[in-house]
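Down below is the structure, laid out as structure tokens.
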Amino acid sequence: MKKVLLFSLALALVGCKAQKDKNVKTADPMEYANTITADELKEHLYIFASDEFEGRDTGERGQKLAAEYLKNYYIQLGIPSPLGGDDYYQEVPGSYFTRGTVKDTENVLAYIEGSEFPDEIVVISSHYDHVGIDDQGRIYNGADDDGSGTVAILEIAEAFKKAKDDGLGPRRSILFLNVTGEEKGLVGSRFYSENPVWPIENHVTNLNIDMIGRIGEGMEDAGDYVYLIGSDRLSTDLHDISEEMNQKYLQMNLDYTFNDENDPNRFYFRSDHYNFAKHDIPVIFYFNGVHEDYHKHTDTPDKIEYDLLEKRAKLVFLTAWGVANADEPPFVDNPTLTDDAQ
Ligand SMILES: [Zn+2]
């Protein structure tokens with residue numbers, strides 16, 4: 001009798017311990033961030049930015065192959081599509097494009113459902129299209145633009161999936177949004193924002209990655225840096241989470257130069273996050289700055305700084321973790337509904 005009781009007590013204690021360890025609010029996100037590795041990013045990028053994908057021009061064969069690569073990856077990892085079944089493609093009709101003639105194309109969507117607030121969506125986005133092949137037959141591989149953001153998402157998705165499999169899935173849902181048509185004028189993200197899977201107001205944050213694999217001009221001595229754009233424009237909460245996660249886990253050099261509202265480059269308006277920001281959804285745009293190979297056929301995977309890419313991808317993962325697991329979504333304390341600039 002005594003033995004049995006002791007055994008039950010021991011079981012109960014083990015049960016408590018397991019229960020405690022499974023609390024996502026106290027779990028160590030670095031355990032999962034560390035599954036994002038330079039080696040795996042490199043492996044993906046050497047395929048994704050290879051000549052086989054023909055510069056991933058929107059609507060063309062290379063872009064379709066790239067879409068298939070993303071879809072197969074999510075299926076292989078058991079990360080579902082919010083569209084249901086094995087339908088990972090949100091069709092964007094060619095007729096939706098206003099500049100030039102473009103064939104039908106697709107955004108690629110995958111997601112991890114939140115355990116407590118499944119209808120609140122944290123979007124992690126990057127564009128997987130690029131500019132194709134020029135008149136001289138040169139392939140624009142777009143390794144940095146935006147192969148780097150695309151492979152970062154693949155690794156981030158894997159990290160969240162591992163956490164979920166360990167009983168530490170995010171409290172809010174996370175949408176992995178691989179958009180098309182960015183190079184044609186932010187078209188895929190605009191299409192998503194007008195045809196969202198959940199009502200647009202359910203999207204509580206967008207972390208957008210566009211070019212995080214290189215060292216931008218003038219930043220040779222900046223160490224482990226990344227430019228953050230937009231983090232405090234709509235929500236102080238989002239900015240604070242981003243800063244806290246970085247301070248606690250990575251200590252990177254977060255550079256806000258391009259976040260200045262008077263910055264002439266106006267990067268805040270120039271990538272896919274803007275299609276969320278214009279709906280007053282808080283955003284952070286992660287960017288390495290421009291460099292000599294920007295929009296040239298020389299933007300190739302051998303020039304990527306993989307260790308730096310790994311750190312930047314970890315930062316996005318940790319920030320998403322912070323937002324997805326907070327008690328409240330980031331409060332929009334500075335709403336500035338703007339005109340549809342697209
Ligand atoms: Zn880009």
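A note on labels: chains of the structure tokens are A, B, ... as shown, every chain counts residues from 1, and ligands are counted from 1 in their shown order.
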How would you write, as a PDB file with C-alpha atoms, in the first residue's frame, the set of residues no farther than 6 Å from ligand 1 when counting only C-alpha atoms and all ligand atoms?
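Full text of selection_9.pdb as output:
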ATOM      1  CA  ASP A 145      16.679  39.459 -52.994  1.00  0.00           C
ATOM      2  CA  ASP A 146      14.807  37.630 -51.664  1.00  0.00           C
ATOM      3  CA  ASP A 210      13.454  41.245 -47.735  1.00  0.00           C
TER       4      ASP A 210
END
Quiz item: range 153-160 of chain A: which residues within 6 Å, counting only C-alpha atoms, same-chain residues fewer than 5 positions away excluded, as number ranges by chain?
Solution: A: 32, 36, 317
Practice problem: Taking the chain letters and numbering used in this document, name the residues of range 174-313 of chain A that DSSP puts in helix (DSSP H, G or I), as number ranges by chain. | Solution: A: 182-184, 187-194, 200-202, 236-250, 257-259, 267-269, 274-277, 301-303, 306-313
Quiz prompt | Which of range 58-149 of chain A fall in strand (DSSP E), as a PyMOL selection string | solution = chain A and resi 89-92+105-112+117-127
How close does range 253-303 of chain A get to range 329-334 of chain A? List, as a tab-separated table, each residue of range 253-303 of chain A within 8 Å, its nearest atom pair and the distance in Å to one decimal, counting only C-alpha atoms.
residue	atom	partner	partner_atom	distance
A:Asp280	CA	A:Val332	CA	7.5
A:Ile281	CA	A:Val332	CA	7.7
A:Pro282	CA	A:Val332	CA	7.0
Self-check item: Distance query Ile47 in chain A at most 12 Å, only C-alpha atoms, self and fewer than 5 positions along chain excluded, as a PyMOL selection string
Solution: chain A and resi 40-42+52-55+62+65-66+69-70+141-143+147-148+150-151+300-302
Write the residues you've just listed into a file as a CSV table (one decimal), in the first residue's frame, and include C-alpha atoms for each of them.
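result.csv was written with the following content:
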chain,number,residue,atom,x,y,z
A,40,GLU,CA,20.6,24.5,-43.6
A,41,LEU,CA,20.0,28.0,-44.8
A,42,LYS,CA,22.9,27.5,-47.3
A,52,GLU,CA,17.2,25.9,-62.3
A,53,PHE,CA,14.7,28.4,-61.0
A,54,GLU,CA,15.5,30.8,-63.8
A,55,GLY,CA,15.3,34.0,-61.7
A,62,GLY,CA,11.1,29.3,-62.6
A,65,LEU,CA,9.2,25.6,-59.7
A,66,ALA,CA,10.1,27.8,-56.7
A,69,TYR,CA,9.8,23.7,-53.7
A,70,LEU,CA,8.1,25.7,-50.9
A,141,ASN,CA,19.3,34.4,-59.2
A,142,GLY,CA,18.2,36.8,-56.5
A,143,ALA,CA,20.0,35.0,-53.7
A,147,GLY,CA,16.1,34.1,-51.6
A,148,SER,CA,17.6,35.0,-48.2
A,150,THR,CA,12.6,32.9,-48.2
A,151,VAL,CA,15.0,30.4,-46.8
A,300,THR,CA,24.4,34.8,-56.2
A,301,PRO,CA,24.4,32.4,-53.2
A,302,ASP,CA,28.2,32.3,-52.9
Quiz item: Could you name the residues that touch Gly185 in chain A at 12 Å or less, counting only C-alpha atoms, but leaving out those on the same chain fewer than 3 positions away, as JSON, numbers by chain?
Solution: {"A": [58, 96, 97, 98, 99, 100, 127, 129, 130, 131, 179, 180, 181, 182, 188, 189, 190, 191, 269, 270, 271, 272, 274, 275, 341, 342]}
Select from range 282-338 of chain A every residue with an atom at most 9 Å from any atom of range 252-265 of chain A, then for each give the shortest pair of atoms and their distance in Å to one decimal, using only C-alpha atoms, rows by chain and rising number, as a Markdown table.
| residue | atom | partner | partner_atom | distance |
| --- | --- | --- | --- | --- |
| A:Gly289 | CA | A:Phe258 | CA | 8.9 |
| A:Lys311 | CA | A:Met252 | CA | 8.1 |
| A:Arg312 | CA | A:Met252 | CA | 8.5 |
| A:Leu315 | CA | A:Met252 | CA | 8.5 |
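Remark: for Glu43 in chain A, the closest of the candidate residues A:Ala152, A:Gly322, A:Thr26, A:Gly84 is A:Ala152 (distances computed over only C-alpha atoms).
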Quiz item: What does the distance between CA of Ser125 in chain A and CA of Gly149 in chain A come to in Å, to one decimal place?
Solution: 8.1 Å
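The nearest approach to Glu194 in chain A among the residues A:Val122, A:His279, A:Pro335, A:Thr298, with only C-alpha atoms taken into account, belongs to A:His279.
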Exercise. Write out as a ChimeraX atom specification each polymer residue whose atoms come within 12 Å of Leu318 in chain A, counting only C-alpha atoms; drop sequence neighbours fewer than 6 positions from it.
Key: /A:28-34,36,124,156-157,159-160,170,207,241-250,311-312,324-325
Would you export the selected residues with N, CA and C atoms as an mmCIF file, in the first residue's frame, please?
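That gives us result-v4.cif:
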data_model
loop_
_atom_site.group_PDB
_atom_site.id
_atom_site.type_symbol
_atom_site.label_atom_id
_atom_site.label_comp_id
_atom_site.auth_asym_id
_atom_site.auth_seq_id
_atom_site.Cartn_x
_atom_site.Cartn_y
_atom_site.Cartn_z
ATOM 1 N N ASP A 28 12.256 28.102 -23.022
ATOM 2 C CA ASP A 28 13.416 28.802 -23.576
ATOM 3 C C ASP A 28 13.366 28.779 -25.106
ATOM 4 N N PRO A 29 13.045 29.911 -25.730
ATOM 5 C CA PRO A 29 12.917 29.910 -27.194
ATOM 6 C C PRO A 29 14.233 29.633 -27.923
ATOM 7 N N MET A 30 15.367 29.824 -27.221
ATOM 8 C CA MET A 30 16.657 29.593 -27.888
ATOM 9 C C MET A 30 16.836 28.128 -28.279
ATOM 10 N N GLU A 31 16.167 27.265 -27.510
ATOM 11 C CA GLU A 31 16.249 25.837 -27.840
ATOM 12 C C GLU A 31 15.771 25.614 -29.277
ATOM 13 N N TYR A 32 14.775 26.389 -29.685
ATOM 14 C CA TYR A 32 14.228 26.247 -31.037
ATOM 15 C C TYR A 32 14.926 27.180 -32.025
ATOM 16 N N ALA A 33 15.284 28.368 -31.555
ATOM 17 C CA ALA A 33 16.027 29.299 -32.430
ATOM 18 C C ALA A 33 17.306 28.626 -32.927
ATOM 19 N N ASN A 34 17.903 27.798 -32.054
ATOM 20 C CA ASN A 34 19.173 27.169 -32.429
ATOM 21 C C ASN A 34 19.031 26.071 -33.481
ATOM 22 N N ILE A 36 17.805 26.851 -36.252
ATOM 23 C CA ILE A 36 18.027 27.646 -37.470
ATOM 24 C C ILE A 36 19.537 27.732 -37.664
ATOM 25 N N ILE A 124 4.548 36.101 -40.951
ATOM 26 C CA ILE A 124 5.963 36.237 -41.309
ATOM 27 C C ILE A 124 6.016 36.122 -42.834
ATOM 28 N N ILE A 156 12.537 29.176 -39.992
ATOM 29 C CA ILE A 156 11.702 29.664 -38.888
ATOM 30 C C ILE A 156 10.470 28.759 -38.724
ATOM 31 N N ALA A 157 9.895 28.372 -39.849
ATOM 32 C CA ALA A 157 8.719 27.489 -39.814
ATOM 33 C C ALA A 157 9.084 26.156 -39.174
ATOM 34 N N ALA A 159 11.431 25.633 -36.994
ATOM 35 C CA ALA A 159 11.651 25.852 -35.561
ATOM 36 C C ALA A 159 10.315 25.886 -34.800
ATOM 37 N N PHE A 160 9.332 26.599 -35.355
ATOM 38 C CA PHE A 160 8.017 26.647 -34.697
ATOM 39 C C PHE A 160 7.335 25.281 -34.712
ATOM 40 N N PRO A 170 2.867 27.970 -30.531
ATOM 41 C CA PRO A 170 2.557 29.376 -30.234
ATOM 42 C C PRO A 170 1.106 29.561 -29.783
ATOM 43 N N LEU A 207 5.901 40.536 -39.727
ATOM 44 C CA LEU A 207 7.362 40.616 -39.760
ATOM 45 C C LEU A 207 7.762 40.258 -41.182
ATOM 46 N N ILE A 241 8.987 44.519 -27.745
ATOM 47 C CA ILE A 241 9.201 43.059 -27.806
ATOM 48 C C ILE A 241 10.448 42.758 -28.631
ATOM 49 N N SER A 242 10.563 43.430 -29.769
ATOM 50 C CA SER A 242 11.711 43.225 -30.652
ATOM 51 C C SER A 242 13.021 43.554 -29.928
ATOM 52 N N GLU A 243 13.033 44.691 -29.246
ATOM 53 C CA GLU A 243 14.238 45.110 -28.517
ATOM 54 C C GLU A 243 14.565 44.132 -27.384
ATOM 55 N N GLU A 244 13.528 43.736 -26.637
ATOM 56 C CA GLU A 244 13.736 42.841 -25.500
ATOM 57 C C GLU A 244 14.288 41.486 -25.930
ATOM 58 N N MET A 245 13.694 40.930 -26.961
ATOM 59 C CA MET A 245 14.147 39.608 -27.410
ATOM 60 C C MET A 245 15.603 39.699 -27.887
ATOM 61 N N ASN A 246 15.917 40.774 -28.579
ATOM 62 C CA ASN A 246 17.295 40.935 -29.045
ATOM 63 C C ASN A 246 18.263 41.087 -27.874
ATOM 64 N N GLN A 247 17.908 41.939 -26.914
ATOM 65 C CA GLN A 247 18.775 42.159 -25.749
ATOM 66 C C GLN A 247 19.019 40.876 -24.983
ATOM 67 N N LYS A 248 17.947 40.131 -24.801
ATOM 68 C CA LYS A 248 18.016 38.941 -23.962
ATOM 69 C C LYS A 248 18.792 37.805 -24.641
ATOM 70 N N TYR A 249 18.601 37.645 -25.937
ATOM 71 C CA TYR A 249 19.112 36.421 -26.562
ATOM 72 C C TYR A 249 20.224 36.616 -27.601
ATOM 73 N N LEU A 250 20.274 37.756 -28.275
ATOM 74 C CA LEU A 250 21.195 37.853 -29.413
ATOM 75 C C LEU A 250 22.187 39.007 -29.343
ATOM 76 N N LYS A 311 21.828 34.588 -37.808
ATOM 77 C CA LYS A 311 21.486 35.445 -36.658
ATOM 78 C C LYS A 311 20.244 36.279 -36.941
ATOM 79 N N ARG A 312 20.171 36.812 -38.153
ATOM 80 C CA ARG A 312 19.011 37.648 -38.487
ATOM 81 C C ARG A 312 17.732 36.811 -38.513
ATOM 82 N N ALA A 324 3.738 36.165 -30.576
ATOM 83 C CA ALA A 324 2.739 35.078 -30.603
ATOM 84 C C ALA A 324 2.388 34.590 -29.206
ATOM 85 N N ASN A 325 3.303 34.745 -28.257
ATOM 86 C CA ASN A 325 3.083 34.195 -26.914
ATOM 87 C C ASN A 325 2.786 35.249 -25.845
#
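From CA of Asn288 in chain A back to CA of Met211 in chain A, the distance works out to 5.9 Å.
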Quiz item: Do you know which residues are at most 8 Å from Pro82 in chain A counting only C-alpha atoms, after dropping those on the same chain fewer than 6 positions away, and could you put them as an NGL selection string?
Solution: :A and (88 or 109-111 or 197)
For those residues, write N, CA and C atoms to a file as an mmCIF file, in the first residue's frame.
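Just written: part.cif:
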data_model
loop_
_atom_site.group_PDB
_atom_site.id
_atom_site.type_symbol
_atom_site.label_atom_id
_atom_site.label_comp_id
_atom_site.auth_asym_id
_atom_site.auth_seq_id
_atom_site.Cartn_x
_atom_site.Cartn_y
_atom_site.Cartn_z
ATOM 1 N N TYR A 88 -1.713 24.675 -51.066
ATOM 2 C CA TYR A 88 -0.860 25.692 -50.438
ATOM 3 C C TYR A 88 -0.806 26.987 -51.255
ATOM 4 N N LEU A 109 1.220 29.627 -48.975
ATOM 5 C CA LEU A 109 0.846 29.845 -47.575
ATOM 6 C C LEU A 109 0.981 28.558 -46.761
ATOM 7 N N ALA A 110 1.519 28.702 -45.566
ATOM 8 C CA ALA A 110 1.513 27.598 -44.605
ATOM 9 C C ALA A 110 1.305 28.213 -43.236
ATOM 10 N N TYR A 111 0.861 27.408 -42.257
ATOM 11 C CA TYR A 111 0.633 28.034 -40.951
ATOM 12 C C TYR A 111 0.673 27.023 -39.816
ATOM 13 N N VAL A 197 -7.005 35.194 -45.631
ATOM 14 C CA VAL A 197 -7.633 33.946 -45.183
ATOM 15 C C VAL A 197 -8.519 34.203 -43.971
#
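The space between CA of His44 in chain A and CA of Arg61 in chain A spans 19.0 Å.
Once Trp198 in chain A and its same-chain neighbours fewer than 5 positions away are set aside, Asp119, Glu120, Ile121 and His203 of chain A remain within 9 Å of it when counting only C-alpha atoms.
Using only C-alpha atoms, the smallest distance between any of A:Tyr225, A:Val323, A:Leu308, A:Lys303 and Thr205 in chain A comes from A:Val323.
The shortest atom-to-atom distance to Gly167 in chain A, with only C-alpha atoms taken into account, belongs to A:Gly114 out of A:Pro199, A:Gly114, A:Gly132, A:Gly213.
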